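A.B. asks: Got a structure for you, coords-v3.pdb, holding PDB, C-alpha atoms, pLDDT in the B column.
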```
ATOM      1  CA  MET A  23      56.181  49.567 -19.692  1.00 53.00           C
ATOM      2  CA  ARG A  24      54.525  52.785 -20.880  1.00 55.00           C
ATOM      3  CA  ILE A  25      51.314  53.953 -19.253  1.00 53.00           C
ATOM      4  CA  ARG A  26      49.505  53.997 -22.622  1.00 57.00           C
ATOM      5  CA  ASP A  27      50.038  50.234 -22.883  1.00 58.00           C
ATOM      6  CA  LEU A  28      48.066  49.507 -19.723  1.00 58.00           C
ATOM      7  CA  PRO A  29      44.388  48.529 -19.552  1.00 60.00           C
ATOM      8  CA  ILE A  30      42.106  51.468 -18.870  1.00 55.00           C
ATOM      9  CA  HIS A  31      41.279  50.405 -15.274  1.00 57.00           C
ATOM     10  CA  GLU A  32      44.986  50.740 -14.411  1.00 61.00           C
ATOM     11  CA  ARG A  33      45.806  53.703 -16.619  1.00 64.00           C
ATOM     12  CA  ILE A  34      43.361  56.176 -15.074  1.00 65.00           C
ATOM     13  CA  PRO A  35      44.497  55.836 -11.405  1.00 72.00           C
ATOM     14  CA  LEU A  36      48.169  56.020 -12.387  1.00 78.00           C
ATOM     15  CA  SER A  37      47.697  59.339 -14.222  1.00 85.00           C
ATOM     16  CA  CYS A  38      47.911  61.176 -10.872  1.00 91.00           C
ATOM     17  CA  THR A  39      51.731  60.844 -11.019  1.00 92.00           C
ATOM     18  CA  ARG A  40      54.074  63.735 -11.926  1.00 93.00           C
ATOM     19  CA  VAL A  41      57.771  64.402 -12.364  1.00 92.00           C
ATOM     20  CA  ILE A  42      59.295  66.941  -9.936  1.00 93.00           C
ATOM     21  CA  ILE A  43      61.325  69.830 -11.332  1.00 91.00           C
ATOM     22  CA  ILE A  44      63.163  72.398  -9.215  1.00 90.00           C
ATOM     23  CA  LYS A  45      63.867  75.915 -10.468  1.00 86.00           C
ATOM     24  CA  CYS A  46      67.317  77.193  -9.511  1.00 81.00           C
ATOM     25  CA  SER A  47      69.981  79.562 -10.801  1.00 75.00           C
ATOM     26  CA  ASP A  48      73.680  79.464 -11.578  1.00 71.00           C
ATOM     27  CA  TYR A  49      76.385  81.816 -10.279  1.00 73.00           C
ATOM     28  CA  GLU A  50      75.585  84.315 -13.036  1.00 71.00           C
ATOM     29  CA  GLY A  51      71.892  84.426 -12.159  1.00 70.00           C
ATOM     30  CA  ASN A  52      70.691  82.386 -15.140  1.00 75.00           C
ATOM     31  CA  ILE A  53      67.555  80.343 -14.457  1.00 76.00           C
ATOM     32  CA  LEU A  54      68.217  76.615 -14.523  1.00 81.00           C
ATOM     33  CA  TYR A  55      66.057  73.561 -13.933  1.00 85.00           C
ATOM     34  CA  ARG A  56      66.862  70.214 -12.401  1.00 87.00           C
ATOM     35  CA  PHE A  57      64.959  66.993 -11.985  1.00 88.00           C
ATOM     36  CA  THR A  58      64.543  65.387  -8.593  1.00 90.00           C
ATOM     37  CA  GLY A  59      62.065  62.599  -7.868  1.00 92.00           C
ATOM     38  CA  THR A  60      58.449  61.701  -8.515  1.00 95.00           C
ATOM     39  CA  GLY A  61      55.218  62.622  -6.733  1.00 95.00           C
ATOM     40  CA  PHE A  62      51.478  62.199  -7.096  1.00 96.00           C
ATOM     41  CA  PHE A  63      48.163  63.990  -6.564  1.00 95.00           C
ATOM     42  CA  ILE A  64      45.451  62.702  -4.255  1.00 94.00           C
ATOM     43  CA  GLU A  65      42.022  64.004  -3.296  1.00 92.00           C
ATOM     44  CA  PHE A  66      41.296  63.814   0.417  1.00 91.00           C
ATOM     45  CA  LYS A  67      38.176  65.223   2.085  1.00 88.00           C
ATOM     46  CA  GLY A  68      37.455  67.654  -0.734  1.00 88.00           C
ATOM     47  CA  LYS A  69      40.983  69.026  -1.058  1.00 91.00           C
ATOM     48  CA  ILE A  70      43.785  68.105  -3.453  1.00 94.00           C
ATOM     49  CA  TYR A  71      47.321  67.367  -2.264  1.00 95.00           C
ATOM     50  CA  PHE A  72      50.625  66.543  -3.902  1.00 96.00           C
ATOM     51  CA  ILE A  73      52.711  63.971  -2.016  1.00 97.00           C
ATOM     52  CA  THR A  74      56.343  62.987  -2.434  1.00 96.00           C
ATOM     53  CA  ALA A  75      59.385  61.814  -0.498  1.00 95.00           C
ATOM     54  CA  ASN A  76      60.882  64.664   1.523  1.00 95.00           C
ATOM     55  CA  HIS A  77      64.434  64.038   0.286  1.00 93.00           C
ATOM     56  CA  CYS A  78      63.228  64.829  -3.259  1.00 94.00           C
ATOM     57  CA  VAL A  79      62.662  68.486  -2.356  1.00 93.00           C
ATOM     58  CA  VAL A  80      65.643  69.100  -0.060  1.00 90.00           C
ATOM     59  CA  SER A  81      68.606  71.037  -1.439  1.00 81.00           C
ATOM     60  CA  ALA A  82      71.879  69.134  -1.439  1.00 73.00           C
ATOM     61  CA  ALA A  83      73.718  72.452  -1.052  1.00 72.00           C
ATOM     62  CA  ASN A  84      72.209  73.583   2.266  1.00 78.00           C
ATOM     63  CA  GLY A  85      69.991  70.715   3.446  1.00 80.00           C
ATOM     64  CA  LYS A  86      66.891  72.918   3.422  1.00 86.00           C
ATOM     65  CA  ARG A  87      63.597  72.232   1.676  1.00 91.00           C
ATOM     66  CA  VAL A  88      63.254  74.237  -1.535  1.00 91.00           C
ATOM     67  CA  PRO A  89      60.684  77.082  -1.461  1.00 91.00           C
ATOM     68  CA  ILE A  90      57.242  76.340  -2.868  1.00 93.00           C
ATOM     69  CA  ALA A  91      57.831  79.018  -5.514  1.00 90.00           C
ATOM     70  CA  ASP A  92      60.763  76.988  -6.907  1.00 91.00           C
ATOM     71  CA  LEU A  93      58.768  73.771  -7.191  1.00 92.00           C
ATOM     72  CA  ILE A  94      57.508  73.002 -10.698  1.00 91.00           C
ATOM     73  CA  ILE A  95      54.757  70.410 -11.089  1.00 92.00           C
ATOM     74  CA  PHE A  96      53.028  70.417 -14.454  1.00 89.00           C
ATOM     75  CA  VAL A  97      49.249  70.237 -14.656  1.00 87.00           C
ATOM     76  CA  ASP A  98      49.327  67.830 -17.583  1.00 76.00           C
ATOM     77  CA  PHE A  99      51.215  64.576 -17.025  1.00 63.00           C
ATOM     78  CA  ILE A 100      51.212  63.624 -20.717  1.00 58.00           C
ATOM     79  CA  SER A 101      52.764  66.702 -22.298  1.00 52.00           C
ATOM     80  CA  THR A 102      55.438  68.812 -20.619  1.00 50.00           C
ATOM     81  CA  ASP A 103      55.167  71.195 -23.569  1.00 50.00           C
ATOM     82  CA  ARG A 104      52.121  72.554 -21.781  1.00 54.00           C
ATOM     83  CA  ARG A 105      53.956  74.676 -19.235  1.00 64.00           C
ATOM     84  CA  GLU A 106      51.017  75.215 -16.882  1.00 81.00           C
ATOM     85  CA  ASN A 107      52.207  74.793 -13.315  1.00 86.00           C
ATOM     86  CA  VAL A 108      50.145  73.708 -10.303  1.00 90.00           C
ATOM     87  CA  GLU A 109      49.976  76.305  -7.529  1.00 91.00           C
ATOM     88  CA  PHE A 110      50.365  75.295  -3.865  1.00 94.00           C
ATOM     89  CA  ASP A 111      49.455  77.314  -0.777  1.00 92.00           C
ATOM     90  CA  LEU A 112      50.883  75.067   1.944  1.00 93.00           C
ATOM     91  CA  CYS A 113      53.793  72.710   2.567  1.00 94.00           C
ATOM     92  CA  TYR A 114      53.425  70.249   5.459  1.00 94.00           C
ATOM     93  CA  LYS A 115      56.210  68.013   6.760  1.00 92.00           C
ATOM     94  CA  PRO A 116      54.827  65.346   9.122  1.00 87.00           C
ATOM     95  CA  CYS A 117      57.126  63.862  11.714  1.00 83.00           C
ATOM     96  CA  SER A 118      56.267  60.786  13.734  1.00 78.00           C
ATOM     97  CA  ASN A 119      58.011  60.464  17.082  1.00 76.00           C
ATOM     98  CA  ASP A 120      58.564  56.716  16.902  1.00 75.00           C
ATOM     99  CA  GLY A 121      62.058  56.107  18.211  1.00 71.00           C
ATOM    100  CA  ASP A 122      64.503  54.938  15.569  1.00 76.00           C
ATOM    101  CA  ASN A 123      61.758  54.316  12.999  1.00 78.00           C
ATOM    102  CA  THR A 124      62.681  57.448  11.066  1.00 85.00           C
ATOM    103  CA  ASP A 125      62.224  56.282   7.457  1.00 88.00           C
ATOM    104  CA  GLN A 126      58.478  56.829   7.681  1.00 89.00           C
ATOM    105  CA  ASN A 127      59.226  60.545   8.143  1.00 91.00           C
ATOM    106  CA  ASP A 128      60.639  60.822   4.607  1.00 93.00           C
ATOM    107  CA  LEU A 129      57.378  62.368   3.479  1.00 95.00           C
ATOM    108  CA  VAL A 130      56.130  65.834   2.530  1.00 96.00           C
ATOM    109  CA  ILE A 131      52.669  67.052   1.507  1.00 96.00           C
ATOM    110  CA  TYR A 132      51.789  70.111  -0.592  1.00 96.00           C
ATOM    111  CA  ARG A 133      48.252  71.483  -0.628  1.00 95.00           C
ATOM    112  CA  VAL A 134      46.912  72.640  -3.986  1.00 94.00           C
ATOM    113  CA  ASN A 135      45.575  76.208  -3.974  1.00 91.00           C
ATOM    114  CA  MET A 136      41.874  75.558  -4.544  1.00 85.00           C
ATOM    115  CA  ASN A 137      40.892  79.240  -4.789  1.00 85.00           C
ATOM    116  CA  GLU A 138      39.252  79.756  -8.171  1.00 72.00           C
ATOM    117  CA  ILE A 139      40.974  76.730  -9.664  1.00 79.00           C
ATOM    118  CA  PRO A 140      39.325  75.943 -13.034  1.00 82.00           C
ATOM    119  CA  ILE A 141      37.500  72.623 -13.239  1.00 84.00           C
ATOM    120  CA  GLU A 142      39.514  71.691 -16.330  1.00 84.00           C
ATOM    121  CA  VAL A 143      42.722  72.005 -14.280  1.00 84.00           C
ATOM    122  CA  VAL A 144      41.295  69.709 -11.588  1.00 83.00           C
ATOM    123  CA  LYS A 145      40.418  67.165 -14.289  1.00 84.00           C
ATOM    124  CA  ALA A 146      43.903  67.453 -15.832  1.00 86.00           C
ATOM    125  CA  ILE A 147      45.542  66.967 -12.425  1.00 88.00           C
ATOM    126  CA  SER A 148      43.576  63.705 -12.148  1.00 89.00           C
ATOM    127  CA  PRO A 149      43.987  63.233  -8.367  1.00 91.00           C
ATOM    128  CA  PHE A 150      43.553  59.749  -6.953  1.00 91.00           C
ATOM    129  CA  ASN A 151      40.564  59.549  -4.609  1.00 89.00           C
ATOM    130  CA  PHE A 152      42.193  58.593  -1.321  1.00 85.00           C
ATOM    131  CA  GLU A 153      39.605  58.543   1.441  1.00 73.00           C
ATOM    132  CA  GLN A 154      40.168  55.256   3.250  1.00 64.00           C
ATOM    133  CA  PRO A 155      43.382  53.883   4.793  1.00 58.00           C
ATOM    134  CA  VAL A 156      44.576  50.654   3.201  1.00 61.00           C
ATOM    135  CA  SER A 157      47.191  48.522   4.934  1.00 60.00           C
ATOM    136  CA  SER A 158      49.859  46.788   2.892  1.00 59.00           C
ATOM    137  CA  VAL A 159      49.580  43.813   5.243  1.00 59.00           C
ATOM    138  CA  LEU A 160      46.199  42.985   3.739  1.00 59.00           C
ATOM    139  CA  TYR A 161      47.724  42.817   0.277  1.00 64.00           C
ATOM    140  CA  GLN A 162      50.938  40.948   0.956  1.00 71.00           C
ATOM    141  CA  GLY A 163      51.894  38.837  -2.043  1.00 76.00           C
ATOM    142  CA  ILE A 164      49.339  40.252  -4.468  1.00 81.00           C
ATOM    143  CA  PRO A 165      50.343  42.187  -7.615  1.00 87.00           C
ATOM    144  CA  VAL A 166      51.287  45.858  -7.424  1.00 90.00           C
ATOM    145  CA  ALA A 167      51.973  48.602  -9.943  1.00 90.00           C
ATOM    146  CA  ILE A 168      54.633  51.285  -9.415  1.00 91.00           C
ATOM    147  CA  VAL A 169      54.636  54.369 -11.635  1.00 91.00           C
ATOM    148  CA  GLY A 170      57.202  57.162 -11.827  1.00 90.00           C
ATOM    149  CA  TYR A 171      59.847  59.034 -13.781  1.00 90.00           C
ATOM    150  CA  PRO A 172      63.318  57.430 -13.732  1.00 88.00           C
ATOM    151  CA  PHE A 173      66.235  59.755 -14.470  1.00 86.00           C
ATOM    152  CA  GLU A 174      67.103  57.630 -17.495  1.00 82.00           C
ATOM    153  CA  MET A 175      63.877  58.736 -19.160  1.00 82.00           C
ATOM    154  CA  ARG A 176      64.260  62.502 -18.607  1.00 81.00           C
ATOM    155  CA  GLU A 177      66.085  65.270 -20.427  1.00 81.00           C
ATOM    156  CA  ILE A 178      66.284  69.070 -20.261  1.00 81.00           C
ATOM    157  CA  ASN A 179      67.258  70.577 -23.611  1.00 79.00           C
ATOM    158  CA  TYR A 180      68.180  74.226 -23.086  1.00 77.00           C
ATOM    159  CA  GLU A 181      68.981  74.853 -26.747  1.00 79.00           C
ATOM    160  CA  GLU A 182      65.529  73.785 -27.887  1.00 76.00           C
ATOM    161  CA  LYS A 183      63.891  74.931 -24.628  1.00 75.00           C
ATOM    162  CA  ARG A 184      62.293  71.536 -24.079  1.00 78.00           C
ATOM    163  CA  ILE A 185      61.756  69.368 -21.038  1.00 82.00           C
ATOM    164  CA  CYS A 186      61.361  65.743 -22.088  1.00 81.00           C
ATOM    165  CA  THR A 187      60.084  63.052 -19.730  1.00 83.00           C
ATOM    166  CA  LYS A 188      58.568  59.602 -20.059  1.00 83.00           C
ATOM    167  CA  ILE A 189      56.443  58.005 -17.410  1.00 85.00           C
ATOM    168  CA  TRP A 190      57.320  54.388 -16.615  1.00 85.00           C
ATOM    169  CA  VAL A 191      55.234  51.642 -15.063  1.00 87.00           C
ATOM    170  CA  THR A 192      56.483  48.381 -13.621  1.00 87.00           C
ATOM    171  CA  HIS A 193      54.736  45.516 -11.876  1.00 86.00           C
ATOM    172  CA  GLY A 194      55.707  43.430  -8.885  1.00 87.00           C
ATOM    173  CA  ALA A 195      54.416  42.253  -5.525  1.00 89.00           C
ATOM    174  CA  ILE A 196      54.713  43.090  -1.834  1.00 88.00           C
ATOM    175  CA  LEU A 197      57.590  40.996  -0.570  1.00 85.00           C
ATOM    176  CA  LYS A 198      57.587  41.569   3.188  1.00 86.00           C
ATOM    177  CA  ALA A 199      57.597  44.138   5.949  1.00 84.00           C
ATOM    178  CA  ASP A 200      60.914  45.881   6.624  1.00 85.00           C
ATOM    179  CA  SER A 201      62.143  44.266   9.832  1.00 83.00           C
ATOM    180  CA  SER A 202      64.263  47.312  10.721  1.00 83.00           C
ATOM    181  CA  GLN A 203      61.628  50.031  10.262  1.00 85.00           C
ATOM    182  CA  ARG A 204      58.011  50.290  11.330  1.00 86.00           C
ATOM    183  CA  ASN A 205      55.434  51.257   8.674  1.00 88.00           C
ATOM    184  CA  VAL A 206      57.860  50.467   5.852  1.00 90.00           C
ATOM    185  CA  PHE A 207      57.635  47.455   3.555  1.00 90.00           C
ATOM    186  CA  ILE A 208      59.586  46.030   0.626  1.00 89.00           C
ATOM    187  CA  VAL A 209      58.287  45.551  -2.899  1.00 90.00           C
ATOM    188  CA  LYS A 210      59.864  43.263  -5.466  1.00 87.00           C
ATOM    189  CA  TYR A 211      59.465  44.687  -8.972  1.00 84.00           C
ATOM    190  CA  ARG A 212      60.220  43.707 -12.531  1.00 78.00           C
ATOM    191  CA  CYS A 213      63.185  45.408 -14.247  1.00 74.00           C
ATOM    192  CA  ASP A 214      63.250  45.602 -18.023  1.00 67.00           C
ATOM    193  CA  SER A 215      65.646  46.670 -20.762  1.00 57.00           C
ATOM    194  CA  GLU A 216      64.515  50.317 -20.600  1.00 59.00           C
ATOM    195  CA  ILE A 217      65.591  50.922 -17.012  1.00 62.00           C
ATOM    196  CA  ILE A 218      68.981  50.199 -15.492  1.00 62.00           C
ATOM    197  CA  ASN A 219      68.067  51.408 -12.007  1.00 71.00           C
ATOM    198  CA  ALA A 220      65.236  53.085 -10.135  1.00 77.00           C
ATOM    199  CA  ASP A 221      66.921  56.464  -9.548  1.00 84.00           C
ATOM    200  CA  GLY A 222      64.211  59.108  -9.811  1.00 87.00           C
ATOM    201  CA  MET A 223      61.427  56.811  -8.597  1.00 91.00           C
ATOM    202  CA  SER A 224      61.538  58.128  -5.017  1.00 94.00           C
ATOM    203  CA  GLY A 225      58.121  59.577  -4.210  1.00 95.00           C
ATOM    204  CA  SER A 226      56.347  57.267  -6.659  1.00 95.00           C
ATOM    205  CA  PRO A 227      52.981  55.818  -5.646  1.00 95.00           C
ATOM    206  CA  VAL A 228      52.548  52.075  -5.231  1.00 93.00           C
ATOM    207  CA  PHE A 229      49.140  50.605  -6.090  1.00 91.00           C
ATOM    208  CA  ALA A 230      47.766  47.175  -5.255  1.00 88.00           C
ATOM    209  CA  ILE A 231      46.015  45.643  -8.256  1.00 83.00           C
ATOM    210  CA  HIS A 232      42.897  44.300  -6.599  1.00 76.00           C
ATOM    211  CA  PRO A 233      39.663  42.910  -8.111  1.00 73.00           C
ATOM    212  CA  SER A 234      37.759  45.773  -6.478  1.00 70.00           C
ATOM    213  CA  GLY A 235      40.036  48.349  -8.133  1.00 75.00           C
ATOM    214  CA  MET A 236      43.437  49.985  -7.746  1.00 83.00           C
ATOM    215  CA  GLN A 237      44.320  50.686  -4.106  1.00 87.00           C
ATOM    216  CA  LEU A 238      47.013  53.164  -3.077  1.00 91.00           C
ATOM    217  CA  ILE A 239      49.162  51.308  -0.547  1.00 91.00           C
ATOM    218  CA  GLY A 240      52.356  53.354  -0.259  1.00 92.00           C
ATOM    219  CA  LEU A 241      55.071  55.740  -1.428  1.00 95.00           C
ATOM    220  CA  VAL A 242      58.555  54.748  -2.631  1.00 95.00           C
ATOM    221  CA  ILE A 243      61.429  56.147  -0.576  1.00 93.00           C
ATOM    222  CA  ARG A 244      64.413  54.131  -1.738  1.00 83.00           C
ATOM    223  CA  GLY A 245      65.530  51.605  -4.308  1.00 74.00           C
ATOM    224  CA  GLY A 246      67.287  48.357  -3.530  1.00 62.00           C
ATOM    225  CA  THR A 247      70.811  47.492  -4.530  1.00 57.00           C
ATOM    226  CA  GLY A 248      71.466  44.939  -7.210  1.00 59.00           C
ATOM    227  CA  ARG A 249      69.264  42.619  -9.233  1.00 63.00           C
ATOM    228  CA  GLU A 250      68.327  39.007  -9.232  1.00 66.00           C
ATOM    229  CA  CYS A 251      67.536  36.933 -12.289  1.00 63.00           C
ATOM    230  CA  MET A 252      64.668  34.462 -12.427  1.00 58.00           C
ATOM    231  CA  GLY A 253      64.547  32.747 -15.790  1.00 58.00           C
ATOM    232  CA  PHE A 254      64.868  35.505 -18.365  1.00 56.00           C
ATOM    233  CA  LYS A 255      63.386  38.176 -16.086  1.00 68.00           C
ATOM    234  CA  HIS A 256      65.233  40.549 -13.791  1.00 72.00           C
ATOM    235  CA  TYR A 257      63.920  41.819 -10.466  1.00 76.00           C
ATOM    236  CA  SER A 258      64.966  44.341  -7.843  1.00 83.00           C
ATOM    237  CA  THR A 259      63.407  45.857  -4.723  1.00 87.00           C
ATOM    238  CA  LEU A 260      62.009  49.143  -3.463  1.00 91.00           C
ATOM    239  CA  ARG A 261      61.398  50.322   0.101  1.00 92.00           C
ATOM    240  CA  VAL A 262      57.950  51.843   0.582  1.00 93.00           C
ATOM    241  CA  ILE A 263      56.201  53.892   3.295  1.00 94.00           C
ATOM    242  CA  ASP A 264      52.867  52.303   4.150  1.00 92.00           C
ATOM    243  CA  ALA A 265      49.740  54.243   3.123  1.00 91.00           C
ATOM    244  CA  SER A 266      48.550  54.305   6.739  1.00 89.00           C
ATOM    245  CA  VAL A 267      51.313  56.853   7.435  1.00 91.00           C
ATOM    246  CA  LEU A 268      49.976  59.062   4.629  1.00 92.00           C
ATOM    247  CA  VAL A 269      46.455  58.912   6.021  1.00 91.00           C
ATOM    248  CA  GLU A 270      47.579  59.778   9.549  1.00 90.00           C
ATOM    249  CA  ALA A 271      49.606  62.723   8.209  1.00 92.00           C
ATOM    250  CA  LEU A 272      46.652  63.988   6.170  1.00 93.00           C
ATOM    251  CA  PHE A 273      44.358  63.868   9.197  1.00 90.00           C
ATOM    252  CA  ARG A 274      46.906  65.829  11.253  1.00 90.00           C
ATOM    253  CA  LEU A 275      47.234  68.361   8.446  1.00 91.00           C
ATOM    254  CA  GLU A 276      43.439  68.747   8.236  1.00 87.00           C
ATOM    255  CA  THR A 277      43.266  69.280  11.993  1.00 87.00           C
ATOM    256  CA  THR A 278      46.132  71.784  12.094  1.00 85.00           C
ATOM    257  CA  TYR A 279      45.144  73.816   9.020  1.00 81.00           C
ATOM    258  CA  ARG A 280      41.362  73.967   8.881  1.00 70.00           C
ATOM    259  CA  ASN A 281      41.186  76.778   6.317  1.00 64.00           C
TER     260      ASN A 281
END
```
So that I can check it, write out the structure of this file as structure tokens.
C.D. replies:
Amino acid sequence: MRIRDLPIHERIPLSCTRVIIIKCSDYEGNILYRFTGTGFFIEFKGKIYFITANHCVVSAANGKRVPIADLIIFVDFISTDRRENVEFDLCYKPCSNDGDNTDQNDLVIYRVNMNEIPIEVVKAISPFNFEQPVSSVLYQGIPVAIVGYPFEMREINYEEKRICTKIWVTHGAILKADSSQRNVFIVKYRCDSEIINADGMSGSPVFAIHPSGMQLIGLVIRGGTGRECMGFKHYSTLRVIDASVLVEALFRLETTYRN
């Protein structure tokens, strides 16, 4: 489903989502670009942050996180022809010391440089107001929306100097907690004919569709394997970090970096 097809009360919260592009170079020094995952903007205690899965910004070549200067996140989520890039002044990698429950650490937070940022840029970023922790346990079984940028709907055309992406929305429900990992739960989502798999959806936000409004309840870290068919509809699963982990990380960040 395309975001423009959604009702307005769903469309506005989901517009915080962005595709992640990494700037790199080949052996001859030519500038190249590559897609990784998805991320999203939130507003928390007066500041704006960009959140994604850590593995989306780690180089496969050396295992190190890519420099902030090589991270490209467009201001406008609708048109990638507008090449205005969001500036960050801090990268924070939280790490919870919780035994073997390591999947919840697949998280990284970038702080938007708020110095003299124009109000029109803040509006275009459209951060989701994320002030209160929401537990997925409270919403088990109710509908959710997942929004991101699958690899199948992206293209970099060097000849025409164009970056083409399409944002994709799917619906599902919280299935259950992950029995092997604390603070991680599983979402069952609807597959359709546009998408073969969820590659590229890592870092996507997951929202509970609640009568009181859209509630951010987690961040996708991994897709499931295989599909199941129910009637004429196909479903698969995603593994999601609970939003409580995001809130705890943001509080630690605020405490550590007060400026």
A.B. asks: Given the file shown, enumerate the residues that the PyMOL selection byres ((chain A and resi 163) around 9) captures and present them as an mmCIF file with C-alpha atoms, in the coordinates of the input.
C.D. replies:
```cif
data_model
loop_
_atom_site.group_PDB
_atom_site.id
_atom_site.type_symbol
_atom_site.label_atom_id
_atom_site.label_comp_id
_atom_site.auth_asym_id
_atom_site.auth_seq_id
_atom_site.Cartn_x
_atom_site.Cartn_y
_atom_site.Cartn_z
ATOM 1 C CA TYR A 161 47.724 42.817 0.277
ATOM 2 C CA GLN A 162 50.938 40.948 0.956
ATOM 3 C CA ILE A 164 49.339 40.252 -4.468
ATOM 4 C CA PRO A 165 50.343 42.187 -7.615
ATOM 5 C CA VAL A 166 51.287 45.858 -7.424
ATOM 6 C CA ALA A 195 54.416 42.253 -5.525
ATOM 7 C CA ILE A 196 54.713 43.090 -1.834
ATOM 8 C CA LEU A 197 57.590 40.996 -0.570
ATOM 9 C CA LYS A 198 57.587 41.569 3.188
#
```
A.B. asks: Quick check, in Å to one decimal: how far apart do CA of Leu54 (chain A) and CA of Ala91 (chain A) lie?
C.D. replies: 14.0 Å
A.B. asks: Run the PyMOL selection byres ((chain A and resi 140-144) around 12) on the file and write out the hits as an mmCIF file with C-alpha atoms, in the frame of the given file.
C.D. replies:
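expr10.cif, freshly written:
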```
data_model
loop_
_atom_site.group_PDB
_atom_site.id
_atom_site.type_symbol
_atom_site.label_atom_id
_atom_site.label_comp_id
_atom_site.auth_asym_id
_atom_site.auth_seq_id
_atom_site.Cartn_x
_atom_site.Cartn_y
_atom_site.Cartn_z
ATOM 1 C CA CYS A 38 47.911 61.176 -10.872
ATOM 2 C CA PHE A 63 48.163 63.990 -6.564
ATOM 3 C CA ILE A 64 45.451 62.702 -4.255
ATOM 4 C CA GLU A 65 42.022 64.004 -3.296
ATOM 5 C CA GLY A 68 37.455 67.654 -0.734
ATOM 6 C CA LYS A 69 40.983 69.026 -1.058
ATOM 7 C CA ILE A 70 43.785 68.105 -3.453
ATOM 8 C CA TYR A 71 47.321 67.367 -2.264
ATOM 9 C CA PHE A 96 53.028 70.417 -14.454
ATOM 10 C CA VAL A 97 49.249 70.237 -14.656
ATOM 11 C CA ASP A 98 49.327 67.830 -17.583
ATOM 12 C CA PHE A 99 51.215 64.576 -17.025
ATOM 13 C CA GLU A 106 51.017 75.215 -16.882
ATOM 14 C CA ASN A 107 52.207 74.793 -13.315
ATOM 15 C CA VAL A 108 50.145 73.708 -10.303
ATOM 16 C CA GLU A 109 49.976 76.305 -7.529
ATOM 17 C CA VAL A 134 46.912 72.640 -3.986
ATOM 18 C CA ASN A 135 45.575 76.208 -3.974
ATOM 19 C CA MET A 136 41.874 75.558 -4.544
ATOM 20 C CA ASN A 137 40.892 79.240 -4.789
ATOM 21 C CA GLU A 138 39.252 79.756 -8.171
ATOM 22 C CA ILE A 139 40.974 76.730 -9.664
ATOM 23 C CA LYS A 145 40.418 67.165 -14.289
ATOM 24 C CA ALA A 146 43.903 67.453 -15.832
ATOM 25 C CA ILE A 147 45.542 66.967 -12.425
ATOM 26 C CA SER A 148 43.576 63.705 -12.148
ATOM 27 C CA PRO A 149 43.987 63.233 -8.367
ATOM 28 C CA PHE A 150 43.553 59.749 -6.953
#
```
A.B. asks: May I ask for the distance between CA of Asp92 (chain A) and CA of Tyr180 (chain A), given in Å to one decimal place?
C.D. replies: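 Between CA of Asp92 (chain A) and CA of Tyr180 (chain A) the gap is 18.0 Å.
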A.B. asks: Could you tell me how far CA of His256 (chain A) lies from CA of Cys213 (chain A), in Å and to one decimal?
C.D. replies: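 Taking CA of His256 (chain A) and CA of Cys213 (chain A), their separation equals 5.3 Å.
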A.B. asks: Return as lines of an AutoDock Vina configuration file the box centre and box size in Å, one decimal, for an axis-aligned box around all listed atoms of region 164-173 of chain A padded by 8 Å per side.
C.D. replies:
```
center_x = 57.8
center_y = 50.0
center_z = -9.5
size_x = 32.9
size_y = 35.5
size_z = 26.0
```
A.B. asks: Quick one: apply the PyMOL selection byres ((chain A and resi 265) around 10) to the file and drop the selected residues here as a list in words.
C.D. replies: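 Evaluating the PyMOL selection byres ((chain A and resi 265) around 10) on this file yields Phe152, Gln154, Pro155, Val156, Ser157, Ser158, Asn205, Val206, Pro227, Val228, Phe229, Gln237, Leu238, Ile239, Gly240, Leu241, Val262, Ile263, Asp264, Ser266, Val267, Leu268, Val269, Glu270 and Ala271 of chain A.
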A.B. asks: If you keep C-alpha atoms, can you produce a file of those selected residues as an mmCIF file, keeping the file's coordinate frame?
C.D. replies:
```
data_model
loop_
_atom_site.group_PDB
_atom_site.id
_atom_site.type_symbol
_atom_site.label_atom_id
_atom_site.label_comp_id
_atom_site.auth_asym_id
_atom_site.auth_seq_id
_atom_site.Cartn_x
_atom_site.Cartn_y
_atom_site.Cartn_z
ATOM 1 C CA PHE A 152 42.193 58.593 -1.321
ATOM 2 C CA GLN A 154 40.168 55.256 3.250
ATOM 3 C CA PRO A 155 43.382 53.883 4.793
ATOM 4 C CA VAL A 156 44.576 50.654 3.201
ATOM 5 C CA SER A 157 47.191 48.522 4.934
ATOM 6 C CA SER A 158 49.859 46.788 2.892
ATOM 7 C CA ASN A 205 55.434 51.257 8.674
ATOM 8 C CA VAL A 206 57.860 50.467 5.852
ATOM 9 C CA PRO A 227 52.981 55.818 -5.646
ATOM 10 C CA VAL A 228 52.548 52.075 -5.231
ATOM 11 C CA PHE A 229 49.140 50.605 -6.090
ATOM 12 C CA GLN A 237 44.320 50.686 -4.106
ATOM 13 C CA LEU A 238 47.013 53.164 -3.077
ATOM 14 C CA ILE A 239 49.162 51.308 -0.547
ATOM 15 C CA GLY A 240 52.356 53.354 -0.259
ATOM 16 C CA LEU A 241 55.071 55.740 -1.428
ATOM 17 C CA VAL A 262 57.950 51.843 0.582
ATOM 18 C CA ILE A 263 56.201 53.892 3.295
ATOM 19 C CA ASP A 264 52.867 52.303 4.150
ATOM 20 C CA SER A 266 48.550 54.305 6.739
ATOM 21 C CA VAL A 267 51.313 56.853 7.435
ATOM 22 C CA LEU A 268 49.976 59.062 4.629
ATOM 23 C CA VAL A 269 46.455 58.912 6.021
ATOM 24 C CA GLU A 270 47.579 59.778 9.549
ATOM 25 C CA ALA A 271 49.606 62.723 8.209
#
```
A.B. asks: List the spatial neighbours of region 171-176 of chain A as a PyMOL selection string - criterion: any atom at most 9 Å away, all atoms listed in the file, same-chain residues fewer than 5 positions off excluded.
C.D. replies: chain A and resi 39-42+57-60+185-191+216-224+226
